[in-house]
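Trainee: This is the content of data.cif (mmCIF, C-alpha atoms):
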```
data_upload
loop_
_atom_site.label_atom_id
_atom_site.label_comp_id
_atom_site.auth_asym_id
_atom_site.auth_seq_id
_atom_site.Cartn_x
_atom_site.Cartn_y
_atom_site.Cartn_z
CA MET B 1 49.68 55.33 52.10
CA ARG B 2 52.69 55.84 54.34
CA GLN B 3 52.04 58.11 57.32
CA TYR B 4 54.67 60.73 58.15
CA SER B 5 55.16 62.49 61.43
CA ALA B 6 54.06 66.09 61.47
CA ASP B 7 57.19 66.98 63.48
CA LEU B 8 59.83 67.87 60.90
CA THR B 9 62.32 69.26 63.47
CA PRO B 10 65.73 67.65 62.91
CA PRO B 11 66.78 65.51 65.91
CA TRP B 12 69.83 67.67 66.61
CA LYS B 13 67.60 70.72 67.05
CA LYS B 14 65.19 69.12 69.49
CA PRO B 15 65.68 70.01 73.18
CA GLN B 16 67.62 67.29 74.91
CA PRO B 17 66.07 65.77 78.03
CA VAL B 18 67.52 66.98 81.31
CA PRO B 19 67.57 65.29 84.71
CA GLU B 20 64.68 65.79 87.10
CA VAL B 21 66.00 66.59 90.56
CA PRO B 22 63.89 66.65 93.74
CA ALA B 23 63.90 70.11 95.33
CA ASP B 24 64.96 68.81 98.73
CA PRO B 25 65.68 71.39 101.47
CA GLY B 26 69.35 72.39 101.40
CA LEU B 27 69.90 71.68 97.69
CA VAL B 28 71.93 74.57 96.21
CA VAL B 29 70.89 75.65 92.70
CA GLU B 30 71.05 78.73 90.48
CA GLU B 31 68.21 80.36 88.56
CA PRO B 32 69.98 81.31 85.30
CA GLY B 33 67.62 84.10 84.31
CA THR B 34 68.49 86.19 87.35
CA GLY B 35 71.76 84.59 88.47
CA PHE B 36 70.25 84.09 91.92
CA CYS B 37 72.02 81.22 93.70
CA GLY B 38 70.75 79.73 96.92
CA ALA B 39 69.66 76.75 98.95
CA VAL B 40 66.15 75.33 98.73
CA ILE B 41 64.11 76.40 101.75
CA ARG B 42 60.72 75.06 100.71
CA CYS B 43 58.88 73.68 97.72
CA GLU B 44 55.12 74.03 97.40
CA ALA B 45 52.28 74.71 94.94
CA GLY B 46 54.49 74.71 91.86
CA THR B 47 57.11 77.07 93.31
CA VAL B 48 60.44 76.77 95.06
CA THR B 49 61.92 79.23 97.57
CA LEU B 50 65.70 79.76 97.60
CA GLU B 51 67.84 81.48 100.24
CA ASP B 52 71.14 83.07 99.22
CA ARG B 53 74.22 83.56 101.38
CA PHE B 54 72.89 86.89 102.70
CA GLY B 55 69.67 85.27 103.92
CA LYS B 56 67.61 86.84 101.09
CA HIS B 57 64.69 84.73 99.87
CA ARG B 58 63.39 84.49 96.27
CA VAL B 59 60.48 82.43 94.96
CA PHE B 60 60.68 80.85 91.48
CA PRO B 61 58.24 78.70 89.48
CA LEU B 62 59.06 75.02 88.99
CA GLU B 63 59.51 75.19 85.24
CA PRO B 64 61.19 72.60 83.01
CA ARG B 65 64.90 73.23 82.52
CA GLY B 66 64.56 76.10 84.95
CA PHE B 67 67.68 75.74 87.12
CA LEU B 68 71.39 74.99 87.13
CA LEU B 69 72.83 72.38 89.48
CA GLU B 70 76.63 72.44 89.61
CA GLY B 71 76.56 74.15 86.21
CA ARG B 72 74.18 71.64 84.56
CA VAL B 73 70.63 72.40 83.46
CA VAL B 74 68.05 70.49 85.51
CA THR B 75 64.31 70.42 86.09
CA LEU B 76 63.39 70.75 89.75
CA VAL B 77 60.41 68.71 90.89
CA ARG B 78 58.57 68.49 94.18
CA PRO B 79 60.28 65.97 96.45
CA SER B 80 58.49 62.77 97.33
CA PRO B 81 56.86 62.92 100.77
CA SER B 82 58.55 59.64 101.58
CA GLY B 83 61.91 60.67 100.16
CA PRO B 84 65.03 60.86 102.30
CA ALA B 85 65.27 63.96 104.47
CA ARG B 86 68.11 66.29 103.58
CA SER B 87 69.98 67.98 106.38
CA ALA B 88 69.73 71.72 106.82
CA PRO B 89 72.19 73.72 104.68
CA SER B 90 75.60 74.19 106.26
CA ARG B 91 76.85 77.69 106.98
CA THR B 92 80.10 79.55 106.54
CA ALA B 93 81.79 81.40 109.40
CA SER B 94 79.84 84.53 108.37
CA GLY B 95 76.52 82.70 108.69
CA SER B 96 75.95 82.48 104.92
CA VAL B 97 74.67 79.33 103.23
CA ALA B 98 77.73 77.29 102.27
CA VAL B 99 78.04 76.22 98.63
CA PRO B 100 79.86 72.85 98.57
CA GLY B 101 82.44 72.54 95.83
CA ALA B 102 82.05 76.12 94.66
CA ARG B 103 85.07 77.49 92.83
CA ALA B 104 86.59 80.85 93.64
CA ARG B 105 85.46 83.49 91.20
CA VAL B 106 88.01 85.40 89.14
CA ALA B 107 88.89 88.52 91.11
CA ARG B 108 86.71 91.54 90.42
CA ALA B 109 88.16 94.92 89.56
CA GLY B 110 86.52 96.25 92.74
CA ARG B 111 88.31 96.03 96.06
CA ILE B 112 87.73 96.33 99.80
CA TYR B 113 90.35 98.11 101.88
CA VAL B 114 90.57 97.76 105.66
CA GLU B 115 92.67 99.71 108.13
CA GLY B 116 95.51 97.40 109.12
CA ARG B 117 96.74 93.84 108.96
CA HIS B 118 94.71 92.70 111.97
CA ASP B 119 91.51 93.95 110.35
CA ALA B 120 92.35 92.06 107.15
CA GLU B 121 93.04 88.84 109.05
CA LEU B 122 89.74 89.05 110.92
CA VAL B 123 87.74 89.74 107.77
CA GLU B 124 89.44 86.82 106.03
CA LYS B 125 88.71 84.43 108.88
CA VAL B 126 84.99 85.22 109.07
CA TRP B 127 84.12 86.24 105.49
CA GLY B 128 86.87 84.49 103.52
CA ASP B 129 84.62 81.83 101.95
CA ASP B 130 82.08 84.44 100.85
CA LEU B 131 84.74 86.74 99.44
CA ARG B 132 86.32 84.01 97.32
CA ILE B 133 82.96 82.99 95.83
CA GLU B 134 82.24 86.65 95.01
CA GLY B 135 85.76 87.31 93.70
CA VAL B 136 86.41 90.16 96.14
CA VAL B 137 89.97 90.94 97.19
CA VAL B 138 90.68 92.58 100.56
CA GLU B 139 93.75 94.77 101.06
CA TYR B 140 94.84 96.87 104.02
CA LEU B 141 95.77 100.49 104.43
CA GLY B 142 98.90 101.61 106.17
CA GLY B 143 96.74 104.27 107.80
CA VAL B 144 93.66 106.34 107.09
CA ASP B 145 95.88 109.29 106.11
CA ASP B 146 96.83 107.32 102.98
CA LEU B 147 93.19 106.95 101.91
CA PRO B 148 92.90 110.03 99.62
CA SER B 149 95.90 108.99 97.52
CA ILE B 150 94.73 105.34 97.38
CA VAL B 151 91.29 106.37 96.16
CA ALA B 152 92.79 108.74 93.59
CA ASP B 153 95.12 106.03 92.24
CA PHE B 154 92.35 103.40 92.21
CA ALA B 155 89.96 105.70 90.32
CA PRO B 156 86.74 103.87 91.26
CA GLY B 157 84.01 103.55 88.62
CA PRO B 158 80.86 101.56 87.76
CA ASP B 159 82.85 98.37 87.06
CA ALA B 160 85.47 98.89 89.76
CA ARG B 161 83.85 99.89 93.01
CA LEU B 162 85.89 100.60 96.11
CA GLY B 163 84.80 99.86 99.67
CA VAL B 164 86.74 100.96 102.74
CA LEU B 165 86.40 99.95 106.40
CA VAL B 166 87.81 102.46 108.89
CA ASP B 167 88.42 102.04 112.62
CA HIS B 168 86.83 104.46 115.10
CA LEU B 169 84.77 106.33 112.53
CA VAL B 170 82.85 108.82 114.64
CA PRO B 171 81.35 112.17 113.53
CA GLY B 172 83.73 115.10 113.74
CA SER B 173 86.92 113.01 113.94
CA LYS B 174 89.84 113.23 111.54
CA GLU B 175 88.86 109.85 110.13
CA TRP B 176 85.33 111.12 109.53
CA ARG B 177 86.52 114.18 107.61
CA ILE B 178 88.80 112.07 105.38
CA ALA B 179 86.00 109.57 104.72
CA GLU B 180 83.59 112.35 103.76
CA ALA B 181 86.14 113.80 101.34
CA VAL B 182 86.67 110.57 99.37
CA THR B 183 83.15 109.09 99.41
CA SER B 184 81.44 109.08 96.02
CA GLU B 185 78.94 107.12 93.95
CA HIS B 186 81.51 104.37 93.39
CA ALA B 187 83.54 104.66 96.61
CA LEU B 188 81.95 103.84 99.95
CA VAL B 189 83.69 104.42 103.29
CA VAL B 190 82.08 102.94 106.39
CA GLY B 191 83.38 102.41 109.88
CA HIS B 192 82.78 100.96 113.29
CA PRO B 193 82.95 102.85 116.60
CA TYR B 194 85.81 100.83 118.11
CA ILE B 195 89.24 102.32 118.66
CA ASP B 196 90.85 99.14 117.34
CA ILE B 197 89.56 96.02 115.59
CA TRP B 198 90.41 93.98 118.74
CA GLU B 199 87.49 95.68 120.45
CA ALA B 200 85.07 94.39 117.78
CA VAL B 201 85.62 90.88 119.17
CA LYS B 202 83.12 90.16 121.93
CA PRO B 203 84.82 90.17 125.36
CA SER B 204 83.12 86.89 126.28
CA SER B 205 84.78 85.21 123.29
CA VAL B 206 88.24 85.96 124.66
CA GLY B 207 87.38 85.19 128.27
CA ILE B 208 87.18 88.70 129.74
CA ASP B 209 84.30 90.71 131.19
CA ALA B 210 84.97 93.83 129.10
CA TRP B 211 87.67 95.57 127.11
CA PRO B 212 89.57 97.94 129.43
CA ARG B 213 89.39 101.70 129.04
CA VAL B 214 92.80 103.07 128.07
CA PRO B 215 93.61 106.70 129.00
CA HIS B 216 93.75 109.11 126.08
CA GLY B 217 97.26 109.48 124.70
CA GLN B 218 98.37 105.92 125.45
CA ASP B 219 98.79 103.25 122.81
CA TRP B 220 95.51 101.35 122.98
CA LYS B 221 96.83 97.83 122.36
CA THR B 222 99.68 98.23 124.84
CA GLY B 223 97.33 99.68 127.44
CA VAL B 224 94.88 96.81 127.03
CA CYS B 225 97.62 94.22 127.42
CA ARG B 226 98.93 95.87 130.60
CA ALA B 227 95.46 96.19 132.12
CA LEU B 228 94.68 92.52 131.47
CA GLY B 229 98.09 91.16 132.42
CA TRP B 230 98.88 90.09 128.89
CA PRO B 231 102.36 90.48 127.34
CA SER B 232 102.55 94.13 126.33
CA ASP B 233 105.79 93.76 124.35
CA SER B 234 104.28 91.42 121.74
CA THR B 235 100.89 92.68 120.65
CA GLY B 236 101.19 90.64 117.45
CA ALA B 237 101.25 87.39 119.41
CA VAL B 238 98.39 88.58 121.61
CA TRP B 239 96.33 89.33 118.51
CA GLN B 240 96.91 85.84 117.14
CA ALA B 241 95.63 84.42 120.44
CA ILE B 242 92.54 86.65 120.18
CA LEU B 243 91.98 85.70 116.55
CA ALA B 244 92.16 82.01 117.46
CA ARG B 245 89.12 82.53 119.72
CA VAL B 246 87.02 83.79 116.79
CA GLY B 247 85.13 80.89 115.27
CA SER B 248 82.31 82.68 113.45
CA TYR B 249 80.30 85.88 113.19
CA LYS B 250 78.80 85.08 116.58
CA ASP B 251 82.10 86.13 118.19
CA LEU B 252 81.93 89.64 116.69
CA GLU B 253 79.98 92.74 117.63
CA PRO B 254 77.00 93.67 115.39
CA GLU B 255 78.49 97.09 114.63
CA LEU B 256 81.30 95.39 112.70
CA LEU B 257 79.17 92.68 111.09
CA GLY B 258 76.79 95.13 109.48
CA ARG B 259 79.55 97.29 108.05
CA VAL B 260 81.45 94.43 106.41
CA GLU B 261 78.27 92.99 104.88
CA GLU B 262 77.43 96.47 103.58
CA LEU B 263 80.81 96.72 101.84
CA ILE B 264 80.51 93.28 100.25
CA ASP B 265 77.07 94.20 98.91
CA PHE B 266 78.42 97.50 97.58
CA VAL B 267 81.39 96.16 95.62
CA THR B 268 79.41 93.20 94.20
CA ALA B 269 76.33 95.19 93.16
#
```
In structure tokens, how does this file's structure come out?

Mentor:
Amino acid sequence: MRQYSADLTPPWKKPQPVPEVPADPGLVVEEPGTGFCGAVIRCEAGTVTLEDRFGKHRVFPLEPRGFLLEGRVVTLVRPSPSGPARSAPSRTASGSVAVPGARARVARAGRIYVEGRHDAELVEKVWGDDLRIEGVVVEYLGGVDDLPSIVADFAPGPDARLGVLVDHLVPGSKEWRIAEAVTSEHALVVGHPYIDIWEAVKPSSVGIDAWPRVPHGQDWKTGVCRALGWPSDSTGAVWQAILARVGSYKDLEPELLGRVEELIDFVTA
């Protein structure tokens, strides 16, 4: 009597084999169930730990067909003890884990506004790679007085959140009152304590001991240039020289770093 296989599943319905990939440190993968994307930090006891670009860690089981590598389904396996060592994951200028070959995401409906062109250029230089991966567009305000009309026209909602970064946001100031008036569940206004975004660059990064104090009533940028012997008639050129000294987040003050990261988290939530 002829023996037949008990498996009557048609071949085209059977799961296709997928590559087994060693979970070497630094390998960037995505867990499709949660959408969490990060670099392998460690692999042990049937689990793998990933770190995303914000430094957040998540632990996942090493299950068959459990991850995506460059968009393809793979099975992660424990690396061989004698396998080649992988270098530590590279970082973007913001300190996030870099994702080699990642494509820019289609722009979200949400936006981040910053107060001025110099602010936008600094955010782009340090967080540009992160923003493109997340699909976040940064625009700049002509001034904080324009904020109420911008928020009203934007009409933020659950699928179109609005984040705003304001200079010199201190309690009781005009900027503070405007920010309080427009803040809502879907619109977040945060600020740093510096009079101008220049001051958020660490003095040591631009070769000075400290940012000068400018008397009240004087234009801050012009006063700084005069005090330091820089050209006071071309603050735009001076800013470009300052910006050129910024290589990464390490050149910026923590009060600015935290606020920008907060806005990115808010509009991508």

Trainee: Please write as a list of chain:residue names the full residue list that the PyMOL selection byres ((chain B and resi 194) around 12) yields on this file.

Mentor: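 On this input, the PyMOL selection byres ((chain B and resi 194) around 12) captures B:Asp119, B:Leu165, B:Val166, B:Asp167, B:His168, B:Leu169, B:Val170, B:Gly191, B:His192, B:Pro193, B:Ile195, B:Asp196, B:Ile197, B:Trp198, B:Glu199, B:Ala200, B:Val201, B:Lys202, B:Trp211, B:Arg213, B:Trp220, B:Leu252, B:Glu253, B:Pro254, B:Glu255, B:Leu256.
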
Trainee: Out of B:Glu115, B:Glu262, B:Glu63, B:Asp159, which residue has the shortest atom-to-atom distance to Val138 of chain B when counting all atoms listed in the file?

Mentor: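 Closest residue, counting all atoms listed in the file: B:Glu115.
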
Trainee: Would you work out the distance separating atom CA of Asp219 of chain B from atom CA of Arg259 of chain B, expressed in Å to one decimal?

Mentor: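 The value is 25.0 Å.
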
Trainee: Measuring atom to atom with only C-alpha atoms, identify which of B:Ala210, B:Arg226, B:His118, B:Ile178 is nearest to Ser149 of chain B.

Mentor: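 Closest residue, counting only C-alpha atoms: B:Ile178.
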
Trainee: Report as a list in words all protein, DNA and RNA residues lying within 9 Å of Val267 of chain B, evaluated on only C-alpha atoms, omitting residues in the same chain fewer than 6 positions from it.

Mentor: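 The residues that qualify are Arg108, Gly110, Arg111, Ile112, Val136, Asp159, Ala160, Arg161, Leu162, Gly163, His186, Ala187 and Leu188 of chain B.
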
Trainee: Which residues are close to Pro148 of chain B, i.e. within 10 Å by all atoms listed in the file, leaving aside same-chain residues fewer than 6 positions away? Reply as JSON, numbers by chain.

Mentor: {"B": [154, 178, 179, 181, 182, 183]}

Trainee: What separation in Å, quoted to one decimal, exists between atom CA of Val29 of chain B and atom CA of Pro64 of chain B?

Mentor: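 Atom-to-atom, atom CA of Val29 of chain B and atom CA of Pro64 of chain B are spaced 14.0 Å apart.
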
Trainee: Could you please determine the separation between atom CA of Ala152 of chain B and atom CA of Leu257 of chain B in Å, to one decimal place?

Mentor: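 Separation between atom CA of Ala152 of chain B and atom CA of Leu257 of chain B: 27.4 Å.
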
Trainee: Please report, as JSON, the centre and edge lengths in Å to one decimal of an axis-aligned box covering all listed atoms of segment 54-60 of chain B with 5 Å per side.

Mentor:
```
{"center_x": 66.7, "center_y": 83.9, "center_z": 97.7, "size_x": 22.4, "size_y": 16.0, "size_z": 22.4}
```

Trainee: Of the candidates B:Asp265, B:Ile242, B:Lys125, B:Ser232, which one gets nearest to Ile208 of chain B if we count only C-alpha atoms?

Mentor: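 Among the listed residues, the smallest separation from Ile208 of chain B belongs to B:Ile242.
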
Trainee: For Val246 of chain B, which of B:Asp24, B:Asp145, B:Glu31, B:Glu121 is the closest residue, counting all atoms listed in the file?

Mentor: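 Among B:Asp24, B:Asp145, B:Glu31, B:Glu121, it is B:Glu121 that comes nearest to Val246 of chain B.
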
Trainee: For a quick check of your reading of the model, name the residues lying within 8 Å of the coordinate (98.3, 93.2, 116.2), counting only C-alpha atoms, and write them as a ChimeraX atom specification.

Mentor: /B:117-118,221,235-240

Trainee: Hey, what's within 6 Å of segment 73-78 of chain B if we count only C-alpha atoms and toss same-chain stuff fewer than 5 positions away? As a PyMOL selection string, please?

Mentor: chain B and resi 18-23+64-68

Trainee: Considering all atoms listed in the file, can you say which of B:Leu69, B:Ile264, B:Ala155, B:Val144 comes closest to Gly116 of chain B?

Mentor: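 Selected residue with least distance to Gly116 of chain B: B:Val144.
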